[in-house]
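Engineer: Structure file coords_1.tsv, TSV, C-alpha atoms, is pasted below:
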chain	number	residue	atom	x	y	z
A	498	MET	CA	24.79	-67.60	51.14
A	499	THR	CA	25.59	-70.88	52.89
A	500	LEU	CA	28.42	-70.74	55.43
A	501	ARG	CA	30.85	-73.65	55.36
A	502	VAL	CA	31.79	-74.71	58.90
A	503	LEU	CA	34.57	-76.95	60.21
A	504	VAL	CA	34.12	-78.37	63.74
A	505	VAL	CA	37.39	-78.84	65.66
A	506	ASP	CA	37.30	-80.72	68.98
A	507	ASP	CA	39.25	-83.62	70.45
A	508	SER	CA	36.07	-85.12	71.95
A	509	ALA	CA	34.25	-87.44	69.53
A	510	PHE	CA	30.99	-86.79	71.40
A	511	ALA	CA	31.43	-83.02	71.20
A	512	ARG	CA	32.14	-83.25	67.47
A	513	LYS	CA	28.98	-85.30	66.99
A	514	VAL	CA	26.80	-82.92	69.00
A	515	LEU	CA	28.17	-79.73	67.46
A	516	ARG	CA	27.94	-81.15	63.96
A	517	LYS	CA	24.30	-82.07	64.54
A	518	VAL	CA	23.40	-78.65	65.98
A	519	LEU	CA	25.06	-76.72	63.18
A	520	SER	CA	23.90	-78.99	60.35
A	521	GLU	CA	20.27	-78.48	61.36
A	522	ALA	CA	20.57	-74.68	61.17
A	523	GLU	CA	19.48	-72.88	58.03
A	524	GLY	CA	22.31	-71.37	56.06
A	525	LEU	CA	25.05	-73.49	57.65
A	526	GLU	CA	26.84	-76.50	56.19
A	527	VAL	CA	29.27	-78.56	58.25
A	528	VAL	CA	31.88	-79.56	55.68
A	529	GLY	CA	33.95	-81.65	58.09
A	530	THR	CA	35.37	-82.20	61.56
A	531	ALA	CA	38.88	-82.35	63.01
A	532	ARG	CA	40.13	-84.16	66.12
A	533	ASP	CA	43.10	-81.89	66.97
A	534	GLY	CA	44.97	-78.81	65.81
A	535	LEU	CA	47.16	-80.51	63.22
A	536	ASP	CA	44.15	-82.27	61.74
A	537	ALA	CA	42.33	-78.92	61.71
A	538	LEU	CA	45.03	-77.17	59.67
A	539	GLU	CA	45.04	-79.98	57.12
A	540	ARG	CA	41.25	-79.82	56.85
A	541	VAL	CA	41.32	-76.01	56.49
A	542	ALA	CA	43.70	-76.31	53.53
A	543	GLU	CA	41.59	-79.06	51.99
A	544	LEU	CA	38.05	-77.82	52.63
A	545	ARG	CA	38.49	-74.01	52.85
A	546	PRO	CA	35.72	-73.43	55.42
A	547	ASP	CA	34.32	-69.98	56.16
A	548	VAL	CA	34.14	-70.53	59.93
A	549	LEU	CA	35.84	-72.82	62.46
A	550	THR	CA	34.40	-73.81	65.80
A	551	LEU	CA	37.53	-74.41	67.84
A	552	ASP	CA	38.22	-76.19	71.10
A	553	LEU	CA	41.25	-74.77	72.91
A	554	VAL	CA	42.59	-77.77	74.84
A	555	MET	CA	43.60	-80.50	72.37
A	556	PRO	CA	46.54	-82.87	71.82
A	557	GLN	CA	49.15	-82.50	69.04
A	558	LEU	CA	48.41	-78.80	68.49
A	559	ASP	CA	46.11	-76.80	70.77
A	560	GLY	CA	43.65	-74.10	69.83
A	561	MET	CA	46.13	-71.27	70.36
A	562	GLY	CA	48.52	-73.01	68.00
A	563	VAL	CA	45.75	-73.17	65.40
A	564	LEU	CA	45.03	-69.45	65.79
A	565	ARG	CA	48.71	-68.59	65.40
A	566	ALA	CA	48.92	-70.72	62.26
A	567	LEU	CA	45.78	-69.16	60.79
A	568	ALA	CA	47.19	-65.67	61.38
A	569	GLY	CA	49.74	-66.38	58.68
A	570	MET	CA	47.18	-67.41	56.09
A	571	PRO	CA	46.04	-64.72	53.63
A	572	GLU	CA	42.40	-65.83	53.67
A	573	ALA	CA	41.99	-67.60	56.97
A	574	PRO	CA	38.52	-68.68	58.14
A	575	ARG	CA	36.93	-66.83	61.03
A	576	VAL	CA	37.01	-68.64	64.36
A	577	VAL	CA	34.44	-69.13	67.11
A	578	VAL	CA	36.03	-70.59	70.24
A	579	VAL	CA	33.96	-73.21	72.04
A	580	SER	CA	35.41	-73.15	75.55
A	581	SER	CA	34.78	-75.89	78.10
A	582	ALA	CA	33.86	-75.07	81.68
A	583	ASP	CA	37.23	-76.39	82.84
A	584	THR	CA	39.22	-74.28	80.35
A	585	ASP	CA	41.37	-71.55	81.87
A	586	SER	CA	39.45	-68.29	81.36
A	587	GLU	CA	42.72	-66.46	80.63
A	588	LEU	CA	43.37	-68.94	77.81
A	589	ALA	CA	39.98	-68.16	76.28
A	590	VAL	CA	40.64	-64.43	76.54
A	591	SER	CA	44.03	-64.93	74.89
A	592	ALA	CA	42.24	-66.65	72.01
A	593	LEU	CA	39.94	-63.66	71.54
A	594	GLU	CA	42.93	-61.33	71.50
A	595	ALA	CA	44.66	-63.62	69.00
A	596	GLY	CA	41.88	-63.14	66.49
A	597	ALA	CA	38.97	-65.40	67.45
A	598	VAL	CA	35.73	-63.60	66.64
A	599	ASP	CA	33.63	-64.83	69.54
A	600	LEU	CA	33.36	-67.25	72.45
A	601	VAL	CA	30.78	-69.87	73.37
A	602	HIS	CA	30.89	-71.38	76.86
A	603	LYS	CA	29.98	-75.07	76.93
A	604	PRO	CA	29.47	-77.31	79.99
A	605	THR	CA	32.18	-79.83	80.80
A	606	ALA	CA	29.96	-82.55	79.36
A	607	LEU	CA	27.46	-81.74	76.64
A	608	ALA	CA	24.42	-82.88	78.59
A	609	THR	CA	21.26	-83.59	76.63
A	610	ASP	CA	19.25	-80.97	78.56
A	611	ARG	CA	21.74	-78.26	77.52
A	612	LEU	CA	22.05	-79.27	73.87
A	613	TYR	CA	19.55	-76.86	72.33
A	614	GLU	CA	20.44	-74.00	74.67
A	615	LEU	CA	24.06	-74.30	73.59
A	616	GLY	CA	23.00	-74.86	70.00
A	617	ALA	CA	21.04	-71.63	69.62
A	618	GLU	CA	23.93	-69.55	70.95
A	619	LEU	CA	26.49	-71.38	68.84
A	620	VAL	CA	24.47	-71.06	65.64
A	621	GLU	CA	24.00	-67.32	66.16
A	622	LYS	CA	27.69	-66.72	66.85
A	623	VAL	CA	28.77	-68.81	63.86
A	624	ARG	CA	26.47	-66.74	61.66
A	625	VAL	CA	27.89	-63.51	63.11
A	626	ALA	CA	31.43	-64.79	62.55
A	627	GLY	CA	30.56	-65.54	58.95
A	628	ARG	CA	29.65	-61.88	58.46
A	629	ALA	CA	32.75	-60.61	60.27
A	630	VAL	CA	35.44	-58.82	58.29
A	631	PRO	CA	38.43	-61.16	57.84
A	632	ARG	CA	41.52	-59.97	59.66
A	633	TYR	CA	43.62	-59.62	56.51
A	634	ALA	CA	41.01	-57.39	54.85
A	635	LYS	CA	40.56	-55.32	58.00
A	636	ALA	CA	44.29	-54.67	58.26
A	637	ARG	CA	44.34	-53.20	54.76
A	638	ALA	CA	41.26	-51.08	55.40
A	639	GLU	CA	42.68	-49.59	58.59
A	640	ALA	CA	45.31	-47.80	56.53
A	641	ALA	CA	42.63	-45.28	55.56
A	642	SER	CA	42.88	-42.01	57.42
A	643	ALA	CA	40.21	-40.88	59.81
A	644	PRO	CA	37.53	-38.58	58.41
A	645	PRO	CA	37.32	-35.08	59.88
A	646	ALA	CA	35.58	-34.88	63.24
A	647	ARG	CA	32.94	-32.37	64.21
A	648	PRO	CA	34.13	-31.09	67.62
A	649	LEU	CA	31.70	-29.29	69.86
A	650	PRO	CA	32.33	-25.58	70.39
A	651	SER	CA	33.38	-26.16	74.01
A	652	ALA	CA	34.48	-29.72	74.66
A	653	SER	CA	34.51	-30.61	78.36
A	654	THR	CA	34.49	-34.40	78.59
A	655	LYS	CA	35.25	-35.73	82.07
A	656	LEU	CA	34.28	-39.40	81.66
A	657	LEU	CA	34.73	-41.87	78.80
A	658	ALA	CA	32.17	-44.70	78.50
A	659	VAL	CA	32.85	-47.46	75.97
A	660	GLY	CA	30.52	-50.17	74.67
A	661	THR	CA	31.44	-53.12	72.46
A	662	SER	CA	30.56	-56.70	71.58
A	663	THR	CA	31.90	-58.97	68.81
A	664	GLY	CA	35.58	-58.18	68.31
A	665	GLY	CA	35.57	-56.21	71.55
A	666	PRO	CA	38.53	-57.76	73.42
A	667	GLN	CA	40.92	-56.97	70.56
A	668	ALA	CA	39.44	-53.49	70.13
A	669	LEU	CA	39.68	-52.67	73.84
A	670	THR	CA	43.28	-53.91	73.95
A	671	ARG	CA	44.28	-51.51	71.21
A	672	LEU	CA	42.19	-48.58	72.46
A	673	LEU	CA	43.35	-48.74	76.08
A	674	GLY	CA	46.90	-49.48	75.01
A	675	ALA	CA	46.93	-46.17	73.14
A	676	LEU	CA	45.61	-44.08	76.04
A	677	PRO	CA	48.33	-42.30	78.05
A	678	ARG	CA	48.89	-42.93	81.75
A	679	ASP	CA	47.80	-39.35	82.48
A	680	PHE	CA	44.50	-39.65	80.58
A	681	PRO	CA	42.43	-37.06	82.46
A	682	ALA	CA	39.11	-38.90	82.73
A	683	PRO	CA	37.87	-42.15	84.29
A	684	VAL	CA	36.92	-44.87	81.80
A	685	VAL	CA	34.00	-47.31	82.11
A	686	LEU	CA	33.64	-50.29	79.77
A	687	ALA	CA	30.78	-52.62	78.83
A	688	LEU	CA	31.68	-55.75	76.84
A	689	HIS	CA	29.33	-58.55	75.80
A	690	ILE	CA	31.07	-61.74	76.95
A	691	PRO	CA	29.93	-64.86	78.85
A	692	ALA	CA	29.98	-64.74	82.64
A	693	GLY	CA	33.21	-65.86	84.23
A	694	TYR	CA	35.57	-64.23	81.75
A	695	THR	CA	35.62	-60.53	82.63
A	696	GLU	CA	38.16	-60.83	85.45
A	697	ALA	CA	40.59	-62.42	83.00
A	698	VAL	CA	39.81	-59.76	80.37
A	699	ALA	CA	40.47	-57.00	82.90
A	700	LYS	CA	43.80	-58.56	83.91
A	701	ARG	CA	44.89	-58.85	80.28
A	702	LEU	CA	43.91	-55.27	79.53
A	703	ASP	CA	45.67	-54.05	82.66
A	704	SER	CA	48.90	-55.78	81.60
A	705	GLN	CA	48.82	-54.09	78.20
A	706	SER	CA	47.70	-50.59	79.15
A	707	ALA	CA	49.30	-47.69	80.99
A	708	LEU	CA	45.97	-47.27	82.79
A	709	GLU	CA	44.88	-49.35	85.76
A	710	VAL	CA	42.18	-51.72	84.42
A	711	VAL	CA	39.98	-53.57	86.92
A	712	GLU	CA	36.81	-55.63	86.91
A	713	ALA	CA	33.91	-53.65	88.36
A	714	ARG	CA	32.97	-54.05	91.99
A	715	ASP	CA	30.19	-52.22	93.77
A	716	GLY	CA	31.31	-48.97	95.39
A	717	LEU	CA	34.62	-48.70	93.50
A	718	GLU	CA	35.64	-45.08	93.02
A	719	LEU	CA	35.98	-43.72	89.49
A	720	VAL	CA	39.18	-41.72	89.12
A	721	PRO	CA	41.36	-40.56	86.21
A	722	GLY	CA	43.89	-43.21	85.23
A	723	ARG	CA	41.51	-46.09	86.03
A	724	ALA	CA	39.36	-48.08	83.60
A	725	VAL	CA	36.55	-50.21	85.02
A	726	LEU	CA	35.22	-53.20	83.06
A	727	ALA	CA	31.62	-54.26	83.70
A	728	ARG	CA	31.28	-57.70	85.31
A	729	ALA	CA	29.50	-60.12	82.98
A	730	GLY	CA	26.01	-60.89	84.26
A	731	HIS	CA	25.57	-57.42	85.79
A	732	HIS	CA	24.83	-53.95	84.51
A	733	LEU	CA	27.47	-51.33	85.20
A	734	LYS	CA	26.03	-48.05	86.40
A	735	VAL	CA	27.62	-44.92	87.83
A	736	ALA	CA	26.52	-42.83	90.78
A	737	ARG	CA	27.61	-39.63	92.49
A	738	HIS	CA	27.87	-39.62	96.29
A	739	GLY	CA	28.94	-36.22	97.54
A	740	ALA	CA	32.28	-35.50	95.91
A	741	LEU	CA	32.81	-39.17	94.89
A	742	ASP	CA	31.92	-40.85	91.62
A	743	LEU	CA	31.23	-44.54	92.23
A	744	VAL	CA	30.56	-47.79	90.39
A	745	ARG	CA	27.26	-49.55	90.95
A	746	LEU	CA	26.52	-53.14	89.93
A	747	ASP	CA	22.87	-53.96	89.29
A	748	ARG	CA	20.98	-56.86	87.70
A	749	HIS	CA	18.07	-54.55	86.85
A	750	PRO	CA	16.61	-53.96	84.36
A	751	LEU	CA	16.22	-57.70	83.84
A	752	GLY	CA	14.66	-57.59	80.38
A	753	THR	CA	17.69	-56.37	78.42
A	754	PRO	CA	19.23	-58.76	75.86
A	755	HIS	CA	22.68	-58.23	77.38
A	756	HIS	CA	24.07	-58.05	80.91
A	757	PRO	CA	25.97	-55.75	80.88
A	758	SER	CA	24.01	-53.50	78.57
A	759	VAL	CA	25.68	-50.59	76.79
A	760	ASP	CA	22.32	-48.80	76.77
A	761	VAL	CA	22.04	-49.07	80.56
A	762	LEU	CA	25.63	-47.87	81.07
A	763	PHE	CA	25.26	-44.90	78.72
A	764	GLN	CA	21.91	-43.90	80.24
A	765	SER	CA	23.48	-43.93	83.70
A	766	VAL	CA	26.45	-41.91	82.49
A	767	ALA	CA	24.13	-39.39	80.83
A	768	ASP	CA	22.12	-39.02	84.05
A	769	VAL	CA	25.21	-38.34	86.19
A	770	TRP	CA	27.70	-36.62	83.88
A	771	GLY	CA	25.40	-34.99	81.33
A	772	LYS	CA	27.34	-32.76	78.94
A	773	GLU	CA	30.63	-33.94	80.49
A	774	ALA	CA	30.15	-37.50	79.20
A	775	LEU	CA	31.67	-39.06	76.09
A	776	GLY	CA	30.21	-42.34	74.82
A	777	LEU	CA	32.21	-44.47	72.40
A	778	VAL	CA	30.64	-47.36	70.49
A	779	LEU	CA	33.06	-49.95	69.09
A	780	THR	CA	32.70	-53.07	66.95
A	781	GLY	CA	29.76	-55.33	67.73
A	782	MET	CA	26.65	-57.06	66.47
A	783	GLY	CA	23.22	-55.57	67.02
A	784	GLU	CA	22.00	-52.20	68.32
A	785	ASP	CA	22.97	-52.15	71.98
A	786	GLY	CA	24.16	-48.62	72.64
A	787	LEU	CA	21.72	-46.89	70.29
A	788	GLN	CA	19.27	-45.79	72.99
A	789	GLY	CA	22.12	-45.00	75.34
A	790	ALA	CA	23.79	-42.84	72.70
A	791	ARG	CA	20.52	-40.98	72.28
A	792	ALA	CA	20.47	-40.32	76.04
A	793	VAL	CA	24.07	-39.05	76.05
A	794	ARG	CA	23.39	-36.68	73.16
A	795	ALA	CA	20.15	-35.46	74.75
A	796	ALA	CA	22.10	-34.62	77.91
A	797	GLY	CA	24.55	-32.54	75.88
A	798	GLY	CA	27.36	-35.10	75.81
A	799	VAL	CA	29.44	-36.42	72.91
A	800	VAL	CA	29.11	-39.77	71.09
A	801	LEU	CA	31.82	-41.24	68.86
A	802	THR	CA	31.79	-44.42	66.79
A	803	GLU	CA	34.37	-46.79	65.33
A	804	ALA	CA	34.52	-46.59	61.53
A	805	GLU	CA	33.36	-49.55	59.47
A	806	SER	CA	36.85	-50.06	58.04
A	807	SER	CA	38.24	-51.40	61.33
A	808	CYS	CA	35.17	-53.11	62.82
A	809	VAL	CA	35.04	-56.89	63.01
A	810	VAL	CA	31.25	-56.47	62.84
A	811	TYR	CA	29.84	-53.06	61.89
A	812	GLY	CA	26.54	-53.37	63.74
A	813	MET	CA	26.46	-51.32	66.95
A	814	PRO	CA	28.43	-48.37	65.51
A	815	ARG	CA	26.33	-48.43	62.35
A	816	ALA	CA	23.09	-48.18	64.32
A	817	VAL	CA	24.36	-45.09	66.17
A	818	ALA	CA	25.85	-43.43	63.09
A	819	GLU	CA	22.81	-44.02	60.89
A	820	ALA	CA	20.58	-42.51	63.58
A	821	GLY	CA	22.59	-39.30	63.28
A	822	LEU	CA	23.90	-39.57	66.85
A	823	SER	CA	27.65	-39.79	66.18
A	824	ASN	CA	29.72	-36.61	66.59
A	825	GLY	CA	32.62	-38.28	64.81
A	826	SER	CA	33.86	-41.61	63.48
A	827	ALA	CA	37.35	-43.03	62.95
A	828	PRO	CA	39.16	-46.35	62.48
A	829	LEU	CA	40.25	-47.95	65.73
A	830	ASP	CA	43.86	-46.74	65.64
A	831	ALA	CA	42.75	-43.14	65.04
A	832	LEU	CA	40.17	-43.00	67.84
A	833	VAL	CA	42.45	-41.76	70.62
A	834	PRO	CA	43.41	-38.58	68.70
A	835	LEU	CA	39.71	-38.10	67.96
A	836	ILE	CA	38.78	-38.57	71.63
A	837	SER	CA	41.41	-36.01	72.63
A	838	ARG	CA	39.62	-33.34	70.62
A	839	PHE	CA	36.73	-33.48	73.07
A	840	ILE	CA	38.70	-33.52	76.32
Spell out the structure here as structure tokens.
Structural biologist:
Amino acid sequence: MTLRVLVVDDSAFARKVLRKVLSEAEGLEVVGTARDGLDALERVAELRPDVLTLDLVMPQLDGMGVLRALAGMPEAPRVVVVSSADTDSELAVSALEAGAVDLVHKPTALATDRLYELGAELVEKVRVAGRAVPRYAKARAEAASAPPARPLPSASTKLLAVGTSTGGPQALTRLLGALPRDFPAPVVLALHIPAGYTEAVAKRLDSQSALEVVEARDGLELVPGRAVLARAGHHLKVARHGALDLVRLDRHPLGTPHHPSVDVLFQSVADVWGKEALGLVLTGMGEDGLQGARAVRAAGGVVLTEAESSCVVYGMPRAVAEAGLSNGSAPLDALVPLISRFI
């Protein structure tokens, strides 16, 4: 299947470069370009693309305006935000929460020596977006009730570790927003997102959750009522020092596809908390979290997964579920009741 792509950017040079990169990729067809938000909406109605690459800062109508307009369309295209280095990181995070599937960070000027590096990332994320479940279809699917869980005979979870990727900012907003202020366990979070955006993500999550949500810093204490988001570019690990449970930031192992890695986080959690750990794998592309889930289960802990019906991309949860490592699965809005069965 060939994905039809519309490139939206107010820079003529950026439109030229992005069109070239995407047109040369197998399975992608650039059906047009748009110079601003109003032009983009007209082109969407005319060309019916599958995916938009969207700049956020544009005249006439900005990228957020485009996302709001698309939210009212019954079969809106999926959106990959292409964010400039000088774009406010909080604006980019707002776009992800408003329904954008993913984010690509571009330099202020599309320098020739960065063209193919940017191109490979953009092509991959456009392809992932093309496979993502459209928001209107997902909303209908979420009406399904959660399947029965398989609680352990003696649930004793004392830490919740969450891993996610594509669709993660929206999923974390809804998950943390549903957790009560007196949630009795610390929460640690690993999200695949470009470096420079996790502080803004943490602030947004903190404003919409009863929990305190902070970006990870080395030595931060893990306590009930606090959720700690891994800093992009670093692995989030946990450590026990006497009576204190602490956050550790580490660039090692270096060879992982993602920094932070869900596998690294879950392995660390399994090593320290053992049977008192609960790992939760949410929407995302790929298999990060599979080996970590295996470590949590081997240590006697619990692993839960988001159901396919509410995932933007059913990749990471699928890998865990199909390996027989999930103790229970539920749509996003039913996960907090499911989590409570193990605490």
Engineer: Could you check which of A:Val769, A:Val576, A:Leu733, A:Leu657 is closest to Val809 of chain A, using only C-alpha atoms?
Structural biologist: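 Ranked by minimum distance to Val809 of chain A, first place goes to A:Val576.
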Engineer: Please provide the set of residues having any atom within 12 Å of Val579 of chain A, restricted to all atoms listed in the file, with same-chain residues fewer than 3 positions apart removed, written as a compact mmCIF listing (two decimals) with C-alpha atoms, in the frame of the given file.
Structural biologist:
# COMPACT_ATOMS: atom_id res chain seq x y z
CA VAL A 504 34.12 -78.37 63.74
CA VAL A 505 37.39 -78.84 65.66
CA ASP A 506 37.30 -80.72 68.98
CA ASP A 507 39.25 -83.62 70.45
CA ALA A 511 31.43 -83.02 71.20
CA ARG A 512 32.14 -83.25 67.47
CA LEU A 515 28.17 -79.73 67.46
CA LEU A 549 35.84 -72.82 62.46
CA THR A 550 34.40 -73.81 65.80
CA LEU A 551 37.53 -74.41 67.84
CA ASP A 552 38.22 -76.19 71.10
CA LEU A 553 41.25 -74.77 72.91
CA VAL A 554 42.59 -77.77 74.84
CA GLY A 560 43.65 -74.10 69.83
CA VAL A 576 37.01 -68.64 64.36
CA ALA A 582 33.86 -75.07 81.68
CA ASP A 583 37.23 -76.39 82.84
CA THR A 584 39.22 -74.28 80.35
CA SER A 586 39.45 -68.29 81.36
CA LEU A 588 43.37 -68.94 77.81
CA ALA A 589 39.98 -68.16 76.28
CA VAL A 590 40.64 -64.43 76.54
CA ALA A 592 42.24 -66.65 72.01
CA LEU A 593 39.94 -63.66 71.54
CA ALA A 597 38.97 -65.40 67.45
CA VAL A 598 35.73 -63.60 66.64
CA ASP A 599 33.63 -64.83 69.54
CA LEU A 600 33.36 -67.25 72.45
CA VAL A 601 30.78 -69.87 73.37
CA HIS A 602 30.89 -71.38 76.86
CA LYS A 603 29.98 -75.07 76.93
CA PRO A 604 29.47 -77.31 79.99
CA THR A 605 32.18 -79.83 80.80
CA LEU A 607 27.46 -81.74 76.64
CA LEU A 615 24.06 -74.30 73.59
CA GLY A 616 23.00 -74.86 70.00
CA GLU A 618 23.93 -69.55 70.95
CA LEU A 619 26.49 -71.38 68.84
CA VAL A 620 24.47 -71.06 65.64
CA LYS A 622 27.69 -66.72 66.85
CA VAL A 623 28.77 -68.81 63.86
CA PRO A 691 29.93 -64.86 78.85
Engineer: Using all atoms listed in the file, pick whichever of A:Thr654, A:Ser704, A:Thr530, A:Thr780 has the shortest atom-to-atom distance to Ser807 of chain A.
Structural biologist: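 When distances to Ser807 of chain A are compared using all atoms listed in the file, the smallest one comes from A:Thr780.
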Engineer: What is the distance, in Å and to one decimal place, between atom CA of Arg624 of chain A and atom CA of Arg565 of chain A?
Structural biologist: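 Atom CA of Arg565 of chain A lies at a distance of 22.6 Å from atom CA of Arg624 of chain A.
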Engineer: Need to verify the contact set: Leu558 of chain A, 8 Å, all atoms listed in the file, exclusion of same-chain residues closer than 5 positions in sequence. Can you return it as a list in words?
Structural biologist: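 Non-adjacent residues within range: Asp533, Gly534, Leu535 and Val563 of chain A.
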Engineer: Could you tell me how far atom CA of Gly722 of chain A lies from atom CA of Asp679 of chain A, in Å and to one decimal?
Structural biologist: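 Those two atoms sit 6.1 Å apart.
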Engineer: Would you list the residues near (35.6, -42.3, 73.3), meaning any protein, DNA or RNA residue with an atom at most 12 Å from that point in file coordinates, counting only C-alpha atoms, as an MDAnalysis selection string?
Structural biologist: chainID A and resid 654:661 669 672:673 675:676 680 682:686 763 774:779 790 798:803 823:827 829 831:840
Engineer: Contacts of Thr695 of chain A at 7 Å or less, counting only C-alpha atoms, minus same-chain residues fewer than 4 places along, as a VMD selection string?
Structural biologist: chain A and resid 699 712 728 to 729
Engineer: Tell me which of A:Ala724, A:Leu567, A:Leu688, A:Leu762 sits closest to Gly664 of chain A, counting only C-alpha atoms.
Structural biologist: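 Checking each of A:Ala724, A:Leu567, A:Leu688, A:Leu762 against Gly664 of chain A, counting only C-alpha atoms, the winner is A:Leu688.
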Engineer: Using all atoms listed in the file, pick whichever of A:Gly627, A:Arg745, A:Arg701, A:Gly693 has the shortest atom-to-atom distance to Asp715 of chain A.
Structural biologist: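 Comparing A:Gly627, A:Arg745, A:Arg701, A:Gly693 against Asp715 of chain A, the winner is A:Arg745.
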Engineer: Which residue gives the smallest distance to Leu719 of chain A among A:Ala522, A:Val735, A:Val514, A:Val578, with only C-alpha atoms counted?
Structural biologist: A:Val735
Engineer: Which residue gives the smallest distance to Arg737 of chain A among A:Arg516, A:His756, A:Val766, A:Val817, with only C-alpha atoms counted?
Structural biologist: A:Val766
Engineer: Identify, on the basis of only C-alpha atoms, every residue whose closest approach to Leu500 of chain A does not exceed 12 Å; exclude the query and any residue fewer than 4 positions from it along the same chain; express the result as a list in words.
Structural biologist: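 My list of contacting residues is Leu519, Ser520, Ala522, Glu523, Gly524, Leu525, Glu526, Val527, Val528, Arg545, Pro546, Asp547, Val548, Leu549, Pro574, Arg575, Val620, Val623, Arg624, Val625, Ala626, Gly627 and Arg628 of chain A.
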Engineer: Using only C-alpha atoms, find all polymer residues with an atom at most 10 Å away from the point (28.8, -52.5, 60.7); report them as a PyMOL selection string.
Structural biologist: chain A and resi 628-630+779-783+803-816+818
Engineer: If you keep C-alpha atoms, can you produce a file of those selected residues as a CSV table (one decimal), in the coordinates of the input?
Structural biologist:
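Here's the written file out16.csv:
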chain,number,residue,atom,x,y,z
A,628,ARG,CA,29.6,-61.9,58.5
A,629,ALA,CA,32.8,-60.6,60.3
A,630,VAL,CA,35.4,-58.8,58.3
A,779,LEU,CA,33.1,-50.0,69.1
A,780,THR,CA,32.7,-53.1,67.0
A,781,GLY,CA,29.8,-55.3,67.7
A,782,MET,CA,26.6,-57.1,66.5
A,783,GLY,CA,23.2,-55.6,67.0
A,803,GLU,CA,34.4,-46.8,65.3
A,804,ALA,CA,34.5,-46.6,61.5
A,805,GLU,CA,33.4,-49.6,59.5
A,806,SER,CA,36.8,-50.1,58.0
A,807,SER,CA,38.2,-51.4,61.3
A,808,CYS,CA,35.2,-53.1,62.8
A,809,VAL,CA,35.0,-56.9,63.0
A,810,VAL,CA,31.2,-56.5,62.8
A,811,TYR,CA,29.8,-53.1,61.9
A,812,GLY,CA,26.5,-53.4,63.7
A,813,MET,CA,26.5,-51.3,67.0
A,814,PRO,CA,28.4,-48.4,65.5
A,815,ARG,CA,26.3,-48.4,62.4
A,816,ALA,CA,23.1,-48.2,64.3
A,818,ALA,CA,25.8,-43.4,63.1
Engineer: Can I get C-alpha atoms for segment 684-701 of chain A, as a PDB file, in the first residue's frame?
Structural biologist:
ATOM      1  CA  VAL A 684       5.595   5.845  39.223  1.00  0.00           C
ATOM      2  CA  VAL A 685       8.492   5.823  36.738  1.00  0.00           C
ATOM      3  CA  LEU A 686       7.949   6.547  33.043  1.00  0.00           C
ATOM      4  CA  ALA A 687       9.979   5.933  29.878  1.00  0.00           C
ATOM      5  CA  LEU A 688       8.784   7.676  26.693  1.00  0.00           C
ATOM      6  CA  HIS A 689      10.480   7.639  23.296  1.00  0.00           C
ATOM      7  CA  ILE A 690      10.712  11.315  22.303  1.00  0.00           C
ATOM      8  CA  PRO A 691      13.504  13.516  20.896  1.00  0.00           C
ATOM      9  CA  ALA A 692      15.887  15.136  23.361  1.00  0.00           C
ATOM     10  CA  GLY A 693      14.834  18.539  24.595  1.00  0.00           C
ATOM     11  CA  TYR A 694      11.130  17.804  24.980  1.00  0.00           C
ATOM     12  CA  THR A 695      10.783  15.775  28.173  1.00  0.00           C
ATOM     13  CA  GLU A 696      10.839  18.759  30.537  1.00  0.00           C
ATOM     14  CA  ALA A 697       7.868  20.209  28.657  1.00  0.00           C
ATOM     15  CA  VAL A 698       6.104  16.821  28.663  1.00  0.00           C
ATOM     16  CA  ALA A 699       6.607  16.509  32.421  1.00  0.00           C
ATOM     17  CA  LYS A 700       5.205  20.005  33.011  1.00  0.00           C
ATOM     18  CA  ARG A 701       2.142  19.268  30.894  1.00  0.00           C
TER      19      ARG A 701
END
